[in-house]
file query_30.txt (compact mmCIF, C-alpha atoms and all ligand atoms)
# COMPACT_ATOMS: atom_id res chain seq x y z
CA MET L 1 -117.37 -92.95 -16.05
CA ASN L 2 -118.14 -94.50 -19.43
CA LYS L 3 -116.24 -97.77 -19.59
CA GLN L 4 -117.15 -98.55 -23.21
CA ASN L 5 -114.38 -98.48 -25.76
CA PRO L 6 -114.37 -95.72 -28.44
CA LEU L 7 -115.63 -98.10 -31.14
CA GLU L 8 -118.64 -99.08 -29.01
CA ASN L 9 -119.25 -95.41 -28.15
CA ASN L 10 -119.26 -94.54 -31.82
CA GLN L 11 -121.71 -97.37 -32.53
CA VAL L 12 -124.07 -96.09 -29.82
CA LEU L 13 -123.82 -92.55 -31.20
CA ALA L 14 -124.35 -93.77 -34.76
CA SER L 15 -127.53 -95.55 -33.72
CA LYS L 16 -128.78 -92.42 -31.90
CA GLN L 17 -128.08 -90.35 -35.02
CA SER L 18 -129.62 -92.82 -37.43
CA TRP L 19 -132.36 -91.51 -39.75
CA PRO L 20 -133.90 -94.47 -41.61
CA TRP L 21 -136.28 -92.30 -43.71
CA TRP L 22 -133.43 -90.55 -45.54
CA PRO L 23 -134.23 -92.19 -48.95
CA LEU L 24 -137.44 -90.08 -49.07
CA LEU L 25 -135.22 -87.06 -49.71
CA PRO L 26 -131.70 -88.38 -50.28
CA LEU L 27 -129.59 -85.53 -48.99
CA TYR L 28 -126.13 -85.55 -47.39
CA PRO L 29 -125.43 -86.82 -44.69
CA TYR L 30 -128.01 -89.47 -45.67
CA GLY L 31 -128.71 -92.03 -42.91
CA ARG L 32 -126.62 -90.44 -40.17
CA ARG L 33 -127.76 -87.02 -38.92
CA ARG L 34 -125.60 -85.52 -36.22
CA THR L 35 -127.38 -82.87 -34.17
CA LEU L 36 -126.02 -79.88 -32.30
CA ILE L 37 -128.18 -78.15 -29.70
CA LYS L 38 -127.64 -74.48 -28.85
CA GLU L 39 -129.41 -72.24 -26.41
CA LEU L 40 -130.09 -69.27 -28.70
CA ILE L 41 -131.95 -67.00 -26.26
CA PRO L 42 -131.31 -67.94 -22.63
CA ASN L 43 -134.15 -69.95 -21.12
CA GLN L 44 -136.50 -69.15 -24.04
CA ILE L 45 -135.32 -70.39 -27.44
CA TRP L 46 -133.11 -73.30 -28.49
CA GLY L 47 -131.87 -74.42 -31.89
CA LEU L 48 -131.28 -78.04 -32.93
CA GLU L 49 -129.04 -78.05 -35.98
CA GLN L 50 -128.23 -80.71 -38.52
CA LEU L 51 -126.48 -80.56 -41.89
CA GLN L 52 -128.38 -81.07 -45.10
CA GLY L 53 -127.29 -80.83 -48.70
CA LEU L 54 -126.29 -82.32 -52.02
CA TYR L 55 -122.85 -83.68 -52.89
CA TYR L 56 -121.17 -82.24 -49.78
CA VAL L 57 -122.81 -78.87 -50.43
CA ALA L 58 -124.24 -78.95 -46.95
CA VAL L 59 -125.65 -76.05 -44.95
CA PRO L 60 -127.10 -76.08 -41.44
CA VAL L 61 -130.82 -76.64 -41.09
CA ARG L 62 -132.47 -75.76 -37.80
CA LEU L 63 -135.44 -76.81 -35.73
CA THR L 64 -136.29 -74.01 -33.32
CA VAL L 65 -137.74 -74.77 -29.90
CA VAL L 66 -139.68 -71.94 -28.31
CA LYS L 67 -140.86 -71.68 -24.72
CA VAL L 68 -144.59 -70.89 -24.66
CA SER L 69 -147.03 -70.87 -21.75
CA GLY L 70 -147.32 -74.41 -20.38
CA GLY L 71 -144.65 -76.02 -22.55
CA LEU L 72 -142.76 -75.90 -25.82
CA MET L 73 -143.45 -75.18 -29.48
CA LEU L 74 -141.31 -76.72 -32.25
CA ILE L 75 -140.92 -74.70 -35.45
CA ASN L 76 -139.45 -76.10 -38.70
CA PRO L 77 -139.32 -79.90 -38.26
CA LEU L 78 -136.08 -81.87 -38.42
CA PRO L 79 -135.58 -85.64 -38.66
CA PRO L 80 -136.37 -86.83 -35.12
CA THR L 81 -133.40 -89.11 -34.52
CA GLN L 82 -133.01 -90.61 -31.06
CA GLU L 83 -130.43 -87.90 -30.35
CA VAL L 84 -133.00 -85.18 -31.22
CA LEU L 85 -135.67 -86.85 -29.08
CA GLU L 86 -133.29 -87.09 -26.10
CA GLU L 87 -132.43 -83.36 -26.41
CA LEU L 88 -136.12 -82.47 -26.61
CA SER L 89 -136.93 -84.71 -23.68
CA ALA L 90 -134.28 -82.90 -21.59
CA LEU L 91 -135.90 -79.56 -22.48
CA GLU L 92 -139.36 -80.95 -21.66
CA LYS L 93 -138.18 -81.89 -18.15
CA ASN L 94 -137.34 -78.26 -17.43
CA HIS L 95 -139.90 -76.37 -19.47
CA GLY L 96 -142.94 -78.59 -19.96
CA PRO L 97 -144.18 -80.82 -22.78
CA VAL L 98 -144.04 -80.24 -26.52
CA LEU L 99 -147.48 -78.73 -27.12
CA THR L 100 -147.25 -77.63 -30.72
CA ILE L 101 -145.37 -78.43 -33.93
CA VAL L 102 -145.43 -75.87 -36.73
CA LEU L 103 -144.47 -76.26 -40.37
CA PRO L 104 -144.49 -72.59 -41.39
CA THR L 105 -143.60 -73.02 -45.09
CA ALA L 106 -145.77 -74.11 -48.02
CA SER L 107 -142.95 -75.18 -50.30
CA GLY L 108 -139.77 -75.93 -48.30
CA LEU L 109 -139.52 -79.69 -48.89
CA GLU L 110 -136.46 -80.07 -46.66
CA HIS L 111 -138.58 -78.87 -43.70
CA LYS L 112 -141.79 -80.65 -44.74
CA ILE L 113 -140.25 -84.10 -45.16
CA SER L 114 -139.75 -84.78 -41.44
CA MET L 115 -143.10 -83.38 -40.22
CA PRO L 116 -144.84 -86.82 -40.21
CA ALA L 117 -142.10 -88.54 -38.18
CA LEU L 118 -141.83 -85.62 -35.72
CA ALA L 119 -145.64 -85.59 -35.35
CA ARG L 120 -145.63 -89.32 -34.57
CA ALA L 121 -142.96 -88.77 -31.92
CA PHE L 122 -145.25 -86.29 -30.11
CA PRO L 123 -148.75 -87.76 -30.54
CA LYS L 124 -150.35 -85.27 -28.13
CA ALA L 125 -148.94 -82.14 -29.80
CA ASP L 126 -151.14 -79.90 -31.97
CA LEU L 127 -149.96 -79.69 -35.55
CA TRP L 128 -150.05 -76.48 -37.57
CA VAL L 129 -149.04 -75.99 -41.20
CA CYS L 130 -148.68 -73.04 -43.54
CA PRO L 131 -151.64 -72.67 -45.95
CA GLY L 132 -151.17 -73.86 -49.55
CA GLN L 133 -149.14 -77.04 -48.88
CA TRP L 134 -148.12 -78.66 -52.17
CA SER L 135 -146.02 -81.46 -53.45
CA TYR L 136 -144.30 -82.09 -56.79
CA PRO L 137 -144.64 -83.63 -59.37
CA PHE L 138 -148.18 -84.41 -58.12
CA SER L 139 -150.22 -82.29 -55.78
CA LEU L 140 -151.13 -84.80 -53.09
CA PRO L 141 -153.47 -84.40 -50.11
CA LEU L 142 -151.78 -83.92 -46.72
CA ASP L 143 -152.63 -87.49 -45.64
CA TRP L 144 -150.85 -88.92 -48.68
CA ILE L 145 -147.62 -87.19 -47.69
CA GLY L 146 -147.91 -88.57 -44.16
CA ILE L 147 -149.40 -85.55 -42.40
CA SER L 148 -152.71 -86.49 -40.77
CA SER L 149 -155.34 -83.96 -41.87
CA LYS L 150 -157.50 -84.86 -38.81
CA ARG L 151 -154.73 -83.72 -36.47
CA THR L 152 -153.58 -80.77 -38.55
CA ASN L 153 -154.61 -77.13 -38.35
CA VAL L 154 -153.88 -74.60 -41.07
CA LEU L 155 -152.38 -71.30 -39.90
CA PHE L 156 -154.85 -68.39 -40.24
CA GLU L 157 -157.61 -70.63 -41.70
CA ASP L 158 -158.06 -72.51 -38.39
CA GLY L 159 -156.76 -69.76 -36.09
CA LEU L 160 -153.23 -69.30 -34.74
CA PRO L 161 -151.28 -71.13 -32.03
CA HIS L 162 -150.01 -69.37 -28.90
CA SER L 163 -151.21 -65.95 -30.00
CA GLU L 164 -150.88 -64.85 -26.35
CA CYS L 165 -147.09 -64.77 -26.84
CA CYS L 166 -146.54 -64.92 -30.62
CA THR L 167 -147.47 -62.72 -33.58
CA TRP L 168 -147.71 -64.57 -36.91
CA ILE L 169 -146.71 -62.64 -40.03
CA PRO L 170 -147.22 -64.08 -43.55
CA LEU L 171 -144.87 -63.54 -46.49
CA GLY L 172 -146.80 -64.34 -49.66
CA PRO L 173 -148.63 -66.23 -51.03
CA LEU L 174 -147.07 -65.89 -54.47
CA ASP L 175 -148.07 -68.04 -57.41
CA LEU L 176 -145.01 -70.04 -58.55
CA GLY L 177 -146.90 -71.97 -61.21
CA LEU L 178 -146.20 -75.39 -59.64
CA GLY L 179 -147.67 -74.19 -56.34
CA ASP L 180 -147.59 -71.22 -53.98
CA PHE L 181 -144.66 -69.78 -52.14
CA GLN L 182 -145.62 -68.77 -48.66
CA GLU L 183 -143.98 -68.74 -45.28
CA ILE L 184 -145.30 -67.54 -41.97
CA ALA L 185 -142.84 -65.80 -39.68
CA CYS L 186 -143.36 -66.01 -35.92
CA PHE L 187 -142.53 -63.07 -33.70
CA HIS L 188 -141.97 -64.33 -30.16
CA GLN L 189 -142.74 -61.33 -28.02
CA SER L 190 -140.90 -62.01 -24.76
CA SER L 191 -137.58 -62.76 -26.47
CA ARG L 192 -138.25 -60.16 -29.22
CA SER L 193 -137.17 -62.79 -31.76
CA LEU L 194 -138.47 -63.25 -35.28
CA LEU L 195 -138.38 -66.88 -36.43
CA VAL L 196 -138.33 -67.41 -40.20
CA THR L 197 -137.77 -70.38 -42.48
CA ASP L 198 -136.04 -69.62 -45.79
CA SER L 199 -136.72 -65.96 -46.56
CA LEU L 200 -133.94 -64.28 -44.57
CA VAL L 201 -130.48 -65.56 -43.73
CA GLY L 202 -127.31 -64.24 -42.13
CA ILE L 203 -124.01 -65.71 -43.32
CA GLU L 204 -120.62 -65.27 -41.67
CA ALA L 205 -117.04 -66.08 -42.67
CA ASN L 206 -116.40 -68.76 -40.05
CA PRO L 207 -118.07 -72.08 -40.80
CA PRO L 208 -120.93 -73.02 -38.45
CA SER L 209 -119.85 -75.09 -35.43
CA ILE L 210 -121.94 -78.09 -36.62
CA PHE L 211 -119.03 -78.75 -39.02
CA ASP L 212 -116.75 -79.36 -36.01
CA LEU L 213 -118.50 -82.74 -35.69
CA ASP L 214 -117.30 -83.63 -39.21
CA PRO L 215 -115.56 -81.02 -41.40
CA THR L 216 -115.35 -83.33 -44.46
CA PRO L 217 -117.70 -81.23 -46.69
CA LEU L 218 -115.58 -78.12 -46.04
CA LEU L 219 -112.28 -79.90 -46.68
CA PHE L 220 -113.65 -81.62 -49.78
CA HIS L 221 -114.59 -78.30 -51.39
CA SER L 222 -111.50 -76.39 -50.20
CA ARG L 223 -109.30 -78.18 -52.75
CA ASP L 224 -108.25 -76.83 -56.11
CA SER L 225 -108.18 -80.19 -57.86
CA GLY L 226 -109.32 -83.76 -57.25
CA ASP L 227 -105.81 -85.14 -56.63
CA GLN L 228 -105.31 -82.98 -53.50
CA LEU L 229 -105.78 -84.70 -50.15
CA LEU L 230 -108.43 -83.57 -47.68
CA GLU L 231 -106.24 -81.65 -45.24
CA ASP L 232 -107.66 -79.93 -42.20
CA SER L 233 -106.79 -76.36 -41.19
CA LEU L 234 -108.78 -73.28 -40.21
CA LYS L 235 -107.86 -71.72 -43.57
CA ALA L 236 -109.07 -74.78 -45.50
CA ARG L 237 -112.34 -74.83 -43.52
CA ARG L 238 -113.02 -71.14 -44.24
CA LYS L 239 -112.17 -71.58 -47.91
CA GLY L 240 -114.42 -74.63 -48.20
CA TRP L 241 -117.21 -72.81 -46.37
CA ALA L 242 -117.07 -69.79 -48.74
CA ARG L 243 -117.41 -72.17 -51.69
CA LEU L 244 -120.29 -74.07 -50.09
CA VAL L 245 -122.10 -70.78 -49.52
CA LEU L 246 -121.57 -69.81 -53.18
CA PHE L 247 -122.93 -73.17 -54.35
CA ALA L 248 -125.92 -73.13 -52.01
CA SER L 249 -126.78 -69.52 -52.86
CA PHE L 250 -126.32 -69.45 -56.62
CA LEU L 251 -126.37 -73.18 -57.58
CA LYS L 252 -123.72 -72.48 -60.24
CA PRO L 253 -121.45 -69.66 -59.12
CA TYR L 254 -119.99 -67.41 -61.80
CA LYS L 255 -116.36 -68.29 -61.11
CA LEU L 256 -116.90 -72.03 -61.19
CA ALA L 257 -115.93 -73.99 -64.28
CA ILE L 258 -116.56 -77.67 -64.94
CA PRO L 259 -113.26 -79.29 -66.06
CA PRO L 260 -113.22 -81.82 -68.91
CA LEU L 261 -114.15 -85.35 -67.83
CA SER L 262 -110.72 -86.62 -68.93
CA SER L 263 -108.94 -84.43 -66.37
CA VAL L 264 -111.48 -85.33 -63.65
CA ILE L 265 -110.80 -89.03 -64.25
CA LYS L 266 -107.03 -88.46 -64.44
CA ASN L 267 -107.11 -86.91 -60.94
CA SER L 268 -109.32 -89.66 -59.48
CA PHE L 269 -108.22 -92.73 -57.49
CA LYS L 270 -104.94 -91.14 -56.34
CA GLN L 271 -103.32 -92.58 -53.23
CA GLY L 272 -104.98 -91.27 -50.08
CA LEU L 273 -108.22 -90.56 -51.92
CA ARG L 274 -109.44 -94.10 -52.58
CA SER L 275 -112.36 -93.87 -50.15
CA PRO L 276 -116.06 -93.02 -50.38
CA LYS L 277 -115.37 -90.14 -47.96
CA ALA L 278 -113.09 -88.51 -50.58
CA HIS L 279 -115.50 -89.56 -53.38
CA PHE L 280 -112.50 -91.53 -54.72
CA GLY L 281 -110.91 -88.27 -55.87
CA PHE L 282 -113.83 -87.50 -58.18
CA TYR L 283 -113.97 -83.69 -58.10
CA PRO L 284 -115.63 -82.09 -61.13
CA PHE L 285 -114.96 -78.46 -60.18
CA LYS L 286 -112.45 -75.82 -61.20
CA TRP L 287 -112.59 -72.51 -59.37
CA GLU L 288 -111.35 -69.57 -61.42
CA GLU L 289 -109.29 -66.66 -60.20
CA GLY L 290 -111.31 -64.06 -58.30
CA TRP L 291 -113.81 -66.54 -56.84
CA GLU L 292 -113.11 -65.24 -53.31
CA ASP L 293 -114.17 -61.73 -54.34
CA SER L 294 -117.44 -63.10 -55.65
CA SER L 295 -118.20 -64.61 -52.22
CA ARG L 296 -117.94 -61.22 -50.49
CA GLU L 297 -121.41 -60.16 -51.57
CA LEU L 298 -122.80 -63.00 -49.40
CA ILE L 299 -120.54 -63.38 -46.40
CA GLY L 300 -120.11 -60.91 -43.54
CA LYS L 301 -116.53 -60.39 -42.37
CA LYS L 302 -117.13 -59.82 -38.67
CA GLU L 303 -120.81 -60.60 -38.23
CA PRO L 304 -123.42 -62.51 -40.24
CA LEU L 305 -124.43 -60.61 -43.37
CA LEU L 306 -128.22 -60.23 -43.32
CA GLN L 307 -129.87 -60.83 -46.69
CA ILE L 308 -132.85 -62.19 -48.58
CA ALA L 309 -131.76 -65.73 -49.53
CA PRO L 310 -130.41 -65.33 -53.12
CA VAL L 311 -132.31 -68.33 -54.55
CA LEU L 312 -135.55 -66.85 -53.23
CA GLU L 313 -134.70 -63.36 -54.46
CA ARG L 314 -134.02 -64.56 -58.00
CA LEU L 315 -136.52 -67.43 -58.37
CA VAL L 316 -139.40 -66.53 -56.05
CA PHE L 317 -139.41 -62.73 -55.85
CA PRO L 318 -137.88 -61.52 -59.16
CA ARG L 319 -141.10 -59.71 -60.07
CA SER L 320 -142.28 -59.10 -56.51
CA LYS L 321 -139.74 -56.78 -54.90
CA ASN L 322 -142.70 -54.76 -53.56
CA VAL L 323 -143.92 -57.81 -51.61
CA VAL L 324 -140.54 -58.10 -49.87
CA ILE L 325 -140.43 -54.37 -49.11
CA ASP L 326 -144.00 -54.41 -47.71
CA TRP L 327 -143.10 -57.39 -45.52
CA LEU L 328 -139.99 -55.63 -44.20
CA ASP L 329 -142.19 -52.59 -43.44
CA THR L 330 -144.49 -54.84 -41.41
CA LEU L 331 -141.47 -56.13 -39.48
CA ILE L 332 -140.22 -52.56 -38.88
CA SER L 333 -143.69 -51.63 -37.59
CA LEU L 334 -143.34 -54.22 -34.80
CA LYS L 335 -140.86 -51.64 -33.38
CA VAL L 336 -139.31 -53.96 -30.80
CA THR L 337 -137.56 -56.73 -32.77
CA ARG L 338 -134.16 -57.71 -31.40
CA TRP L 339 -133.15 -61.07 -32.93
CA LEU L 340 -133.67 -63.04 -36.12
CA ILE L 341 -133.63 -66.84 -36.01
CA PRO L 342 -133.82 -68.39 -39.52
CA ALA L 343 -133.93 -72.12 -40.31
CA HIS L 344 -130.55 -71.96 -42.08
CA TYR L 345 -127.08 -70.50 -41.42
CA SER L 346 -126.31 -68.29 -38.38
CA ALA L 347 -128.61 -67.61 -35.44
CA PRO L 348 -129.43 -65.49 -33.58
CA ILE L 349 -128.68 -62.44 -35.75
CA GLU L 350 -129.14 -58.87 -34.61
CA PHE L 351 -132.44 -57.71 -36.07
CA THR L 352 -133.40 -54.35 -34.57
CA PRO L 353 -135.78 -52.05 -36.50
CA ASN L 354 -132.70 -50.09 -37.53
CA LYS L 355 -131.04 -53.22 -39.01
CA ILE L 356 -134.24 -53.98 -40.96
CA LYS L 357 -134.33 -50.39 -42.25
CA ILE L 358 -130.71 -50.74 -43.46
CA LEU L 359 -131.60 -54.00 -45.25
CA LYS L 360 -134.66 -52.38 -46.84
CA LYS L 361 -132.62 -49.40 -48.05
CA LYS L 362 -130.00 -51.74 -49.52
CA ILE L 363 -132.67 -53.67 -51.42
CA ILE L 364 -134.30 -50.48 -52.71
CA ASN L 365 -131.00 -49.04 -53.92
CA ARG L 366 -129.50 -52.04 -55.67
CA ALA L 367 -130.35 -53.97 -58.81
CA TRP L 368 -133.07 -56.59 -58.27
CA ALA L 369 -133.63 -59.68 -60.44
CA ASN L 370 -130.00 -59.27 -61.43
CA ASP L 371 -128.57 -61.16 -64.41
CA GLU L 372 -124.89 -60.34 -63.87
CA GLY L 373 -122.00 -62.34 -62.40
CA ASN L 374 -123.08 -64.91 -59.81
CA TRP L 375 -126.75 -64.27 -60.63
CA ARG L 376 -126.43 -65.43 -64.25
CA PHE L 377 -127.36 -69.07 -63.72
CA LEU L 378 -130.42 -68.31 -61.55
CA ASP L 379 -131.45 -65.70 -64.13
CA SER L 380 -131.23 -68.25 -66.96
CA LEU L 381 -133.32 -70.69 -64.89
CA ASP L 382 -135.99 -68.05 -64.23
CA ASN L 383 -136.11 -67.10 -67.92
CA ALA L 384 -136.37 -70.74 -69.02
CA LEU L 385 -139.31 -71.28 -66.62
CA LEU L 386 -140.97 -68.08 -67.83
CA ASP L 387 -140.51 -69.00 -71.50
CA ARG L 388 -142.07 -72.40 -70.95
CA GLY L 389 -144.98 -70.83 -69.09
CA VAL L 390 -144.17 -72.80 -65.90
CA VAL L 391 -144.04 -69.66 -63.76
CA PRO L 392 -146.53 -66.83 -64.29
CA LYS L 393 -145.35 -63.35 -65.33
CA ASP L 394 -147.45 -61.86 -62.54
CA PRO L 395 -147.13 -64.05 -59.42
CA GLN L 396 -149.15 -61.60 -57.35
CA LYS L 397 -152.38 -62.10 -59.30
CA ILE L 398 -153.79 -64.18 -56.45
CA PHE L 399 -153.77 -61.03 -54.32
CA LYS L 400 -155.73 -59.13 -56.90
CA ASP L 401 -158.42 -61.75 -57.56
FE FE F 1 -135.08 -74.33 -46.08

call {"tool": "encode", "arguments": {"input": "query_30.txt", "output": "structure tokens", "more": "lines below"}}
Ligand SMILES: [Fe+2]
result
Amino acid sequence: MNKQNPLENNQVLASKQSWPWWPLLPLYPYGRRRTLIKELIPNQIWGLEQLQGLYYVAVPVRLTVVKVSGGLMLINPLPPTQEVLEELSALEKNHGPVLTIVLPTASGLEHKISMPALARAFPKADLWVCPGQWSYPFSLPLDWIGISSKRTNVLFEDGLPHSECCTWIPLGPLDLGLGDFQEIACFHQSSRSLLVTDSLVGIEANPPSIFDLDPTPLLFHSRDSGDQLLEDSLKARRKGWARLVLFASFLKPYKLAIPPLSSVIKNSFKQGLRSPKAHFGFYPFKWEEGWEDSSRELIGKKEPLLQIAPVLERLVFPRSKNVVIDWLDTLISLKVTRWLIPAHYSAPIEFTPNKIKILKKKIINRAWANDEGNWRFLDSLDNALLDRGVVPKDPQKIFKD
């Protein structure tokens, strides 16, 4: 029995969850990253989830652990806190050592940032990265961003890891002006699971269980004005979650107004809100009537709603719908897919060939590169980048060269 008092227990946990490199990419929850481990496919695939976001707009981010012959493969790095390393060590005892670490995205900074620390934690593991790695504002060599080029292999250019049990399927590259978008999906044959990074997500109405460890972001955003206290209930959590999803998907949702600074300040520093946790009552948001309806296009009622991540649809693929359709056709041609495991939101999600066909049909039949409602802000961003010549009009030219 643990004889320590709760305060000491919390201190031990806080030190296990500490992530000292957080200033490199200062995202919520900053220096303390709680981790939740889930067995996603019995005895074959596990997910380690943390929260990551800006200003309490936090969504789950996942490192996926896959059983391969002789050991384990880690896909989509996460900050390797002591808690993460202990969970991985427990898996290693039963399934063999971590053999391989894969960063399957060229651009996803939130996945890239912890690759060096994770690689140092497993010095014997082979490292693989997606081709076309880039950094902004300067394009730096891999070694400069902490990824040892001597130890690192590039997917496809240097071969492919664990091809005896995995099929690797590229999406892209597309020229984004600042660098390429590309991610490499991994189809794990024995579990019939497709592992992706950012391209596909499934979102459901109930908030992910990682928020049970600390529901503050949900409660913070469930309020209608800054003077309301953070009160916990299932209803408040679901309301906060729907708003977080709208923020994370559209950056500035259609039904969100920014109140005048005078009213934001008037509502601040009320009793019960004078704490950093409540941001001292500073709450610069005003949700307009009908906001719930606008979240229905994203969130599945009974099961996760499968979709191309909206930010990617509107900022990466607005002129490349054909690339998405071709990729979905490749996934359909695998014929035996069963599950989808993305690096964000719900997992595993049902992903049979029939489900992919339904998604493809939906994409073909609806407006693409939309500029209406929730899509307005992303549309204005895309147009501004196009006007300034930052993004090319034809991102697929690198295919044609
Ligand atoms: Fe991501």

call {"tool": "residues_near_ligand", "arguments": {"input": "query_30.txt", "ligand": "ligand FE 1 (chain F)", "cutoff": "9 Å", "atoms": "all atoms listed in the file", "output": "list in words"}}
result
Val61, Arg62, Asn76, Thr105, Ser107, Gly108, Leu109, Glu110, His111, Thr197, Asp198, Ser199, Pro342, Ala343 and His344 of chain L

call {"tool": "closest_residue", "arguments": {"input": "query_30.txt", "among": "L:Ser249, L:Glu8, L:Lys67, L:Arg237", "to": "Glu297 in chain L", "atoms": "only C-alpha atoms"}}
result
L:Ser249

call {"tool": "closest_residue", "arguments": {"input": "query_30.txt", "among": "L:Val57, L:Leu312, L:Thr330, L:Trp19", "to": "Ser222 in chain L", "atoms": "only C-alpha atoms"}}
result
L:Val57

call {"tool": "atom_distance", "arguments": {"input": "query_30.txt", "atom1": "CA of Asp326 in chain L", "atom2": "CA of Pro170 in chain L"}}
result
11.0 Å

call {"tool": "residues_around", "arguments": {"input": "query_30.txt", "residues": "range 369-373 of chain L", "least_positions_apart": "4", "cutoff": "12 Å", "atoms": "only C-alpha atoms", "output": "PyMOL selection string"}}
result
chain L and resi 246+250+252-256+290-291+293-295+297+310-321+363+377-383

call {"tool": "atom_distance", "arguments": {"input": "query_30.txt", "atom1": "CA of Trp22 in chain L", "atom2": "CA of Leu218 in chain L"}}
result
21.8 Å

call {"tool": "atom_distance", "arguments": {"input": "query_30.txt", "atom1": "CA of Leu155 in chain L", "atom2": "CA of Leu195 in chain L"}}
result
15.1 Å

call {"tool": "build_atoms", "arguments": {"input": "query_30.txt", "residues": "range 222-237 of chain L", "atoms": "N, CA and C atoms", "output": "tab-separated table (two decimals), in the coordinates of the input"}}
result
chain	number	residue	atom	x	y	z
L	222	SER	N	-112.57	-77.40	-50.33
L	222	SER	CA	-111.50	-76.39	-50.20
L	222	SER	C	-110.38	-76.65	-51.20
L	223	ARG	N	-110.43	-77.80	-51.87
L	223	ARG	CA	-109.30	-78.18	-52.75
L	223	ARG	C	-109.40	-77.49	-54.12
L	224	ASP	N	-108.26	-77.45	-54.78
L	224	ASP	CA	-108.25	-76.83	-56.11
L	224	ASP	C	-108.28	-77.86	-57.23
L	225	SER	N	-107.99	-79.12	-56.87
L	225	SER	CA	-108.18	-80.19	-57.86
L	225	SER	C	-108.39	-81.51	-57.13
L	226	GLY	N	-108.92	-82.49	-57.86
L	226	GLY	CA	-109.32	-83.76	-57.25
L	226	GLY	C	-108.17	-84.58	-56.69
L	227	ASP	N	-106.92	-84.32	-57.13
L	227	ASP	CA	-105.81	-85.14	-56.63
L	227	ASP	C	-105.26	-84.62	-55.30
L	228	GLN	N	-105.79	-83.48	-54.80
L	228	GLN	CA	-105.31	-82.98	-53.50
L	228	GLN	C	-106.00	-83.73	-52.36
L	229	LEU	N	-105.21	-83.99	-51.30
L	229	LEU	CA	-105.78	-84.70	-50.15
L	229	LEU	C	-106.69	-83.77	-49.35
L	230	LEU	N	-107.57	-84.37	-48.56
L	230	LEU	CA	-108.43	-83.57	-47.68
L	230	LEU	C	-107.63	-83.23	-46.42
L	231	GLU	N	-107.08	-82.02	-46.38
L	231	GLU	CA	-106.24	-81.65	-45.24
L	231	GLU	C	-106.92	-80.57	-44.41
L	232	ASP	N	-106.90	-80.80	-43.09
L	232	ASP	CA	-107.66	-79.93	-42.20
L	232	ASP	C	-106.83	-78.76	-41.69
L	233	SER	N	-107.36	-77.56	-41.82
L	233	SER	CA	-106.79	-76.36	-41.19
L	233	SER	C	-107.91	-75.34	-41.16
L	234	LEU	N	-107.75	-74.32	-40.31
L	234	LEU	CA	-108.78	-73.28	-40.21
L	234	LEU	C	-108.97	-72.61	-41.58
L	235	LYS	N	-107.81	-72.39	-42.26
L	235	LYS	CA	-107.86	-71.72	-43.57
L	235	LYS	C	-108.66	-72.57	-44.58
L	236	ALA	N	-108.37	-73.89	-44.57
L	236	ALA	CA	-109.07	-74.78	-45.50
L	236	ALA	C	-110.57	-74.80	-45.19
L	237	ARG	N	-110.91	-74.80	-43.90
L	237	ARG	CA	-112.34	-74.83	-43.52
L	237	ARG	C	-113.05	-73.57	-44.00
